[in-house]
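J.: One structure, as structure tokens, below. Some questions next.
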Amino acid sequence: MKQIKIPKLAVWKFTSCDGCQLSILDLEDHLLEIGQRIEIAYFLEASSRKVKGPYDISLVEGSISTPEEEETIHKIRKQSKFLIAIGACATAGGIQALRNFRDVAEFQKIVYPNPEYIETLKYATPISHHVRVDLELRGCPINKTHVLEVISALLIGRKPSLPHHSVCIECKKRGNPCILVSKGILCMGPVTSAGCGAICPAYNRGCYGCFGPSESPNLHAFISLAQRLGITNSTLIHALRSFNAFADSFREASIYLEASEES
Amino acid sequence: MEPKAYILARESFEALLQSLKSRGYTLIGPTIRDDVLWYAEIQSVEDFPIGWTDVQGPGQYRLQKQDRDTLFGFTVAANTWKSFLFPPRLLLWRSKRTENGIEFEQPTRSIPKLALIGVRACELAAIQVQDRVFLQQEFVDPEYQARREQAFILAVNCGTAAATCFCTSLGTGPKASNGYDLALTELPDGKRLLIEVGSEQGDEVIQDLPVHPAKPADLQEAEQVIQNTVSQITRELQTEGLQTFLYAQYENPHWDEVAKRCLTCGNCTLVCPTCFCSTVEDRSDLSGDLAERWRTWDSCFSLEFTYLHGGPIRTSAKARYRHWLLHKLATWIDQFGTLGCVGCGRCITWCPAGIDLTEEVRSLQRLAHREVDHAKS
């Protein structure tokens with residue numbers, strides 16, 4: 001990673017809810033300083049001022065869901081030295097990737113009175129399916145402190161410190177007992193990447209898997225343990241098909257479960 | 001010399017806690033939170049899980065109310081004493097860029113004097129294992145040392161065992177043999193506590209209390225409690241020749257079978273009272289002028305743990321589980337002169353997949369024998 005001097009930052013949006021961009025704006029205590037250290041050249045959620053590229057850092061929110069977006073992402077890649085996909089939509093396709101499991105034309109017919117006006121791709125896909133991505137920030141939404149960490153790291157040319165291991169490690173460090181074991185509650189923690197600080201288990205709720213699959217998820221073992229706890233396959237399919245439904249291991253597991261439901 | 005032993009009335013247990021408090025100790029003891037037994041700061045006996053017990057099994061844990069008002073009618077808590085002696089997250093230093101270069105600053109923190117209330121024999125053995133790691137090697141960990149040296153240990157001899165307990169296989173329990181300040185046995189009538197003195201500090205505390213010397217009959221009664229607990233322990237780990245055996249099992253096909261069940265989540269390592277691995281994280285702020293180095297718990301089940309130039313070296317679940325089990329039961333001996341396992345059973349209970357290292361060792365042995373038999377025939 002090369003050290004960047006007075007870098008120019010752009011924030012882009014594709015198919016998404018804007019929640020990750022709002023998380024950046026939520027860095028209230030640091031926004032002024034960020035504005036001093038880097039030039040916020042393009043960030044429509046925050047300002048209508050547009051400065052032309054190229055950009056040193058591009059933060060990309062959202063999945064690629066339309067033919068137009070497919071073209072635009074290539075233009076952005078060409079203008080960006082360091083491209084960071086932010087959030088579940090940009091890193092896994094997001095909640096809209098649920099359509100990837102069904103026929104999108106059917107959805108169009110049901111939802112829109114005039115589906116012929118809709119131009120959409122068959123699949124909603126992560127940024128990395130289209131262009132080279134230098135770094136991914138996971139989460140629905142992202143953890144704002146990760147944005148701060150990455151910007152701080154890029155500014156002095158060090159490697160950002162981001163977790164990729166399971167939520168369990170974060171959960172134990174926080175001092176939570178395991179609710180899968182003590183309460184038999186479905187918790188996606190053992191197959192989910194850390195990053196949120198194990199918020200849900202800290203409040204006795206199972207992990208929803210917002211940060212997507214961990215670095216080495218064993219879905220086969222996870223399905224077995226869920227079944228041992230008496231969790232039905234349809235509950236499990238719902239748990240796997242949320243914000244990160246189209247992430248490889250979650251997708252494969254839910255398709256496997258769906259097939260075994262049908263057979 | 002026999003340790004000095006006294007009888008304290010159960011109703012005076014509070015006086016023991018308050019005596020420790022008046023000596024400046026922060027009390028850490030068993031309490032209930034989120035439906036589990038948990039070691040945390042307590043104020044008085046009111047915080048105790050009186051009458052509660054725990055039911056543990058592979059990947060399973062439930063609390064149960066008993067019809068007896070026992071103080072210590074449960075086994076080991078969900079968390080470990082290491083959280084207090086070896087904190088999960090610790091700032092090691094800060095640095096600041098100034099006109100004259102970089103200034104380093106060590107954080108000033110007041111390290112509390114902790115009284116650990118209700119340390120089980122296996123847990124005491126685990127603390128002694130960590131002592132070897134942090135205090136008896138070439139480099140001493142000053143943070144651990146500061147916490148450890150000040151700590152007062154009130155051990156408790158177990159009056160009950162969980163299905164996951166196997167201290168008897170490792171010779172670590174259920175009776176605490178040394179390393180405590182005071183060791184307590186709850187006698188079956190529920191009215192008397194037998195207290196054995198293990199140190200000068202323990203002796204001083206006893207002088208404050210309304211105790212009378214224990215009679216041989218009391219000692220016999222306490223011994224009966226221990227024997228009763230021993231008879232409840234059903235889980236076993238055969239340790240004889242285990243190290244040599246395991247060193248010959250790198251290619252045992254059973255590792256592949258465990259890997260199918262292992263989530264690589266790391267829970268076993270974090271609930272283990274002897275696991276001591278940590279990593280350091282460097283942080284800098286937006287200005288690049290301030291930096292911090294933090295130490296946090298790490299796990300050999302994470303990929304980054306073995307990240308060397310070019311990538312991690314233990315990528316498969318098989319390699320990671322094998323490494324962990326071999327460290328606990330074999331390489332630990334070469335490294336520190338003891339086993340890395342004390343038989344508390346936490347890795348069995350708190351593995352969401354219910355992987356049981358005693359069972360895995362048996363499976364490895366079975367498969368190895370089958371291969372030997374096969375070779376002979």
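Identifiers for the structure tokens are assigned positionally: chains receive A, B, ... in sequence, residues are indexed from 1 per chain, and ligands are indexed from 1 in the order shown.
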Write out as a VMD selection string which residues come within 7 Å of region 164-170 of chain A when counting only C-alpha atoms, dropping same-chain ones fewer than 4 positions away.

T.: (chain A and resid 174 189 to 194 197 to 198 214 to 215) or (chain B and resid 265 to 267 302)

J.: Emit the selected residues as a short mmCIF file (atom, residue, chain, number, x, y, z; two decimals), in the first residue's frame, including N, CA, C and O atoms.

T.:
data_model
loop_
_atom_site.label_atom_id
_atom_site.label_comp_id
_atom_site.auth_asym_id
_atom_site.auth_seq_id
_atom_site.Cartn_x
_atom_site.Cartn_y
_atom_site.Cartn_z
N ARG A 174 -15.49 -9.69 24.39
CA ARG A 174 -16.41 -8.72 24.99
C ARG A 174 -16.94 -9.23 26.32
O ARG A 174 -17.50 -8.47 27.11
N GLY A 189 -23.10 -16.42 14.67
CA GLY A 189 -21.74 -16.05 15.07
C GLY A 189 -20.62 -16.97 14.60
O GLY A 189 -19.62 -16.49 14.06
N PRO A 190 -20.75 -18.29 14.77
CA PRO A 190 -19.63 -19.16 14.42
C PRO A 190 -19.26 -19.17 12.92
O PRO A 190 -18.17 -19.60 12.57
N VAL A 191 -20.17 -18.72 12.06
CA VAL A 191 -19.84 -18.70 10.63
C VAL A 191 -19.77 -17.28 10.07
O VAL A 191 -19.62 -17.08 8.87
N THR A 192 -19.91 -16.29 10.97
CA THR A 192 -19.97 -14.90 10.52
C THR A 192 -18.70 -14.14 10.88
O THR A 192 -18.10 -14.38 11.92
N SER A 193 -18.33 -13.24 10.00
CA SER A 193 -17.14 -12.44 10.23
C SER A 193 -17.37 -11.43 11.35
O SER A 193 -18.44 -10.82 11.44
N ALA A 194 -16.37 -11.25 12.17
CA ALA A 194 -16.42 -10.24 13.22
C ALA A 194 -16.41 -8.86 12.58
O ALA A 194 -16.21 -8.72 11.37
N GLY A 197 -18.52 -6.01 16.75
CA GLY A 197 -18.32 -5.98 18.18
C GLY A 197 -19.26 -6.92 18.92
O GLY A 197 -19.47 -6.78 20.11
N ALA A 198 -19.83 -7.88 18.20
CA ALA A 198 -20.76 -8.87 18.80
C ALA A 198 -21.92 -8.20 19.53
O ALA A 198 -22.23 -8.52 20.68
N SER A 214 -17.42 -15.64 7.72
CA SER A 214 -16.09 -15.44 8.28
C SER A 214 -15.05 -16.00 7.31
O SER A 214 -15.40 -16.56 6.28
N GLU A 215 -13.77 -15.88 7.66
CA GLU A 215 -12.70 -16.26 6.74
C GLU A 215 -12.69 -17.77 6.41
O GLU A 215 -12.25 -18.16 5.34
N CYS B 265 -14.46 -21.67 14.98
CA CYS B 265 -14.94 -20.41 15.56
C CYS B 265 -14.02 -19.88 16.65
O CYS B 265 -14.03 -18.69 16.96
N GLY B 266 -13.23 -20.79 17.26
CA GLY B 266 -12.28 -20.36 18.28
C GLY B 266 -12.81 -20.35 19.70
O GLY B 266 -12.08 -20.02 20.64
N ASN B 267 -14.07 -20.73 19.89
CA ASN B 267 -14.64 -20.71 21.24
C ASN B 267 -13.83 -21.52 22.24
O ASN B 267 -13.62 -21.09 23.38
N SER B 302 -7.92 -18.74 14.23
CA SER B 302 -8.07 -17.69 13.22
C SER B 302 -6.94 -17.84 12.19
O SER B 302 -5.85 -18.33 12.50
#

J.: Determine, using only C-alpha atoms, which residues of chain A have any atom at most 8 Å from an atom of chain B, and tabulate each with its shortest atom pair and distance in Å to one decimal place, rows ordered by chain and then rising number, as JSON lines.

T.:
{"residue": "A:Glu33", "atom": "CA", "partner": "B:Leu286", "partner_atom": "CA", "distance": 7.4}
{"residue": "A:Ile34", "atom": "CA", "partner": "B:Leu286", "partner_atom": "CA", "distance": 7.2}
{"residue": "A:Arg37", "atom": "CA", "partner": "B:Leu286", "partner_atom": "CA", "distance": 7.4}
{"residue": "A:Leu148", "atom": "CA", "partner": "B:Leu286", "partner_atom": "CA", "distance": 7.7}
{"residue": "A:Glu149", "atom": "CA", "partner": "B:Arg283", "partner_atom": "CA", "distance": 7.8}
{"residue": "A:Ile151", "atom": "CA", "partner": "B:Leu286", "partner_atom": "CA", "distance": 7.3}
{"residue": "A:Ser152", "atom": "CA", "partner": "B:Leu286", "partner_atom": "CA", "distance": 4.6}
{"residue": "A:Ala153", "atom": "CA", "partner": "B:Ser284", "partner_atom": "CA", "distance": 7.1}
{"residue": "A:Leu155", "atom": "CA", "partner": "B:Leu286", "partner_atom": "CA", "distance": 7.3}
{"residue": "A:Ile156", "atom": "CA", "partner": "B:Gly288", "partner_atom": "CA", "distance": 6.3}
{"residue": "A:Ser161", "atom": "CA", "partner": "B:Glu281", "partner_atom": "CA", "distance": 7.0}
{"residue": "A:His165", "atom": "CA", "partner": "B:Ser302", "partner_atom": "CA", "distance": 5.5}
{"residue": "A:Ser166", "atom": "CA", "partner": "B:Cys265", "partner_atom": "CA", "distance": 5.4}
{"residue": "A:Val167", "atom": "CA", "partner": "B:Cys265", "partner_atom": "CA", "distance": 7.8}
{"residue": "A:Cys168", "atom": "CA", "partner": "B:Cys265", "partner_atom": "CA", "distance": 6.0}
{"residue": "A:Ile169", "atom": "CA", "partner": "B:Gly266", "partner_atom": "CA", "distance": 6.2}
{"residue": "A:Lys172", "atom": "CA", "partner": "B:Leu270", "partner_atom": "CA", "distance": 6.5}
{"residue": "A:Lys173", "atom": "CA", "partner": "B:Pro88", "partner_atom": "CA", "distance": 5.4}
{"residue": "A:Arg174", "atom": "CA", "partner": "B:Pro88", "partner_atom": "CA", "distance": 7.8}
{"residue": "A:Gly175", "atom": "CA", "partner": "B:Asn79", "partner_atom": "CA", "distance": 7.8}
{"residue": "A:Pro177", "atom": "CA", "partner": "B:Ala78", "partner_atom": "CA", "distance": 6.5}
{"residue": "A:Cys178", "atom": "CA", "partner": "B:Trp350", "partner_atom": "CA", "distance": 7.0}
{"residue": "A:Leu180", "atom": "CA", "partner": "B:Pro352", "partner_atom": "CA", "distance": 6.4}
{"residue": "A:Val181", "atom": "CA", "partner": "B:Gln60", "partner_atom": "CA", "distance": 5.0}
{"residue": "A:Ser182", "atom": "CA", "partner": "B:Tyr61", "partner_atom": "CA", "distance": 4.8}
{"residue": "A:Lys183", "atom": "CA", "partner": "B:Arg62", "partner_atom": "CA", "distance": 7.6}
{"residue": "A:Pro190", "atom": "CA", "partner": "B:Cys265", "partner_atom": "CA", "distance": 5.0}
{"residue": "A:Val191", "atom": "CA", "partner": "B:Leu263", "partner_atom": "CA", "distance": 7.2}
{"residue": "A:Asn204", "atom": "CA", "partner": "B:Asp34", "partner_atom": "CA", "distance": 7.6}
{"residue": "A:Glu215", "atom": "CA", "partner": "B:Leu303", "partner_atom": "CA", "distance": 7.3}
{"residue": "A:Ser216", "atom": "CA", "partner": "B:Thr264", "partner_atom": "CA", "distance": 7.1}
{"residue": "A:Pro217", "atom": "CA", "partner": "B:Leu263", "partner_atom": "CA", "distance": 6.6}
{"residue": "A:Asn218", "atom": "CA", "partner": "B:Leu263", "partner_atom": "CA", "distance": 5.2}
{"residue": "A:Leu219", "atom": "CA", "partner": "B:Leu263", "partner_atom": "CA", "distance": 7.8}
{"residue": "A:His220", "atom": "CA", "partner": "B:Lys260", "partner_atom": "CA", "distance": 7.3}
{"residue": "A:Ala221", "atom": "CA", "partner": "B:Arg261", "partner_atom": "CA", "distance": 4.8}
{"residue": "A:Phe222", "atom": "CA", "partner": "B:Leu263", "partner_atom": "CA", "distance": 6.8}
{"residue": "A:Ser224", "atom": "CA", "partner": "B:Ala353", "partner_atom": "CA", "distance": 8.0}
{"residue": "A:Leu225", "atom": "CA", "partner": "B:Ala353", "partner_atom": "CA", "distance": 5.5}

J.: Considering only strand (DSSP E) as DSSP defines it on the backbone, what residues of region 10-191 of chain A qualify? List them as an MDAnalysis selection string.

T.: chainID A and resid 10:13 39:43 55:61 80:86 135:137

J.: Name the residues in contact with Pro141 (chain A) at a cut-off of 12 Å, using only C-alpha atoms, excluding same-chain residues fewer than 5 positions from it; report them as number ranges by chain.

T.: A: 16-24, 26, 61-62, 86-91, 94-95, 146-147, 195-196, 209-212, 243-244

J.: Could you please take those selected residues and save N, CA and C atoms as a short mmCIF file (atom, residue, chain, number, x, y, z; two decimals), in the first residue's frame?

T.:
data_model
loop_
_atom_site.label_atom_id
_atom_site.label_comp_id
_atom_site.auth_asym_id
_atom_site.auth_seq_id
_atom_site.Cartn_x
_atom_site.Cartn_y
_atom_site.Cartn_z
N SER A 16 -28.65 0.29 -3.27
CA SER A 16 -28.41 0.22 -1.83
C SER A 16 -29.39 1.15 -1.12
N CYS A 17 -29.32 1.14 0.20
CA CYS A 17 -30.26 1.96 0.98
C CYS A 17 -29.63 3.25 1.48
N ASP A 18 -28.35 3.48 1.19
CA ASP A 18 -27.59 4.65 1.65
C ASP A 18 -27.14 4.55 3.11
N GLY A 19 -27.47 3.45 3.75
CA GLY A 19 -27.14 3.30 5.17
C GLY A 19 -25.65 3.35 5.45
N CYS A 20 -24.85 2.80 4.55
CA CYS A 20 -23.40 2.81 4.77
C CYS A 20 -22.84 4.22 4.62
N GLN A 21 -23.39 4.96 3.64
CA GLN A 21 -22.96 6.36 3.50
C GLN A 21 -23.34 7.15 4.75
N LEU A 22 -24.52 6.85 5.28
CA LEU A 22 -24.93 7.53 6.50
C LEU A 22 -24.01 7.17 7.67
N SER A 23 -23.51 5.92 7.64
CA SER A 23 -22.56 5.53 8.69
C SER A 23 -21.30 6.38 8.63
N ILE A 24 -20.88 6.74 7.40
CA ILE A 24 -19.70 7.60 7.27
C ILE A 24 -20.03 8.97 7.88
N ASP A 26 -22.03 9.53 10.08
CA ASP A 26 -22.21 9.32 11.51
C ASP A 26 -20.89 9.44 12.29
N GLU A 61 -20.58 2.02 -2.44
CA GLU A 61 -21.70 1.39 -1.76
C GLU A 61 -22.64 0.80 -2.80
N GLY A 62 -23.29 -0.30 -2.49
CA GLY A 62 -24.34 -0.83 -3.34
C GLY A 62 -23.91 -1.99 -4.23
N ILE A 86 -17.94 -1.01 0.11
CA ILE A 86 -18.40 -0.89 1.50
C ILE A 86 -19.81 -1.45 1.66
N GLY A 87 -19.96 -2.31 2.64
CA GLY A 87 -21.27 -2.81 3.01
C GLY A 87 -21.67 -4.10 2.32
N ALA A 88 -22.72 -4.72 2.86
CA ALA A 88 -23.17 -6.02 2.38
C ALA A 88 -23.58 -5.98 0.91
N CYS A 89 -24.18 -4.87 0.45
CA CYS A 89 -24.60 -4.79 -0.96
C CYS A 89 -23.39 -4.84 -1.89
N ALA A 90 -22.37 -4.05 -1.54
CA ALA A 90 -21.20 -3.95 -2.41
C ALA A 90 -20.29 -5.17 -2.29
N THR A 91 -20.36 -5.87 -1.15
CA THR A 91 -19.45 -7.01 -0.97
C THR A 91 -20.14 -8.35 -1.21
N GLY A 94 -26.12 -7.79 -1.23
CA GLY A 94 -27.13 -7.18 -0.36
C GLY A 94 -28.45 -7.93 -0.36
N ILE A 95 -29.44 -7.30 0.25
CA ILE A 95 -30.75 -7.92 0.41
C ILE A 95 -31.43 -8.11 -0.95
N HIS A 146 -14.49 1.28 11.17
CA HIS A 146 -13.64 0.66 10.14
C HIS A 146 -13.25 1.68 9.07
N VAL A 147 -14.19 2.58 8.75
CA VAL A 147 -13.90 3.62 7.76
C VAL A 147 -12.78 4.52 8.29
N GLY A 195 -16.60 -7.84 13.39
CA GLY A 195 -16.55 -6.48 12.89
C GLY A 195 -17.56 -5.59 13.57
N CYS A 196 -18.64 -6.19 14.06
CA CYS A 196 -19.70 -5.38 14.69
C CYS A 196 -19.44 -5.21 16.17
N GLY A 209 -25.73 -12.29 11.18
CA GLY A 209 -24.82 -12.52 10.05
C GLY A 209 -24.60 -11.29 9.19
N CYS A 210 -24.74 -10.10 9.78
CA CYS A 210 -24.65 -8.85 9.00
C CYS A 210 -23.30 -8.69 8.28
N PHE A 211 -22.24 -9.25 8.88
CA PHE A 211 -20.91 -9.04 8.30
C PHE A 211 -20.51 -10.16 7.34
N GLY A 212 -21.46 -11.04 7.02
CA GLY A 212 -21.19 -12.07 6.02
C GLY A 212 -20.29 -13.18 6.54
N PHE A 243 -28.97 -10.23 4.49
CA PHE A 243 -28.14 -9.22 3.82
C PHE A 243 -27.01 -9.82 3.00
N ASN A 244 -26.55 -11.00 3.41
CA ASN A 244 -25.41 -11.61 2.73
C ASN A 244 -25.78 -12.92 2.05
#

J.: I'd like the interatomic distance between CA of Pro107 (chain B) and CA of Asp141 (chain B), to a tenth of an Å.

T.: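 So the answer is 15.3 Å.
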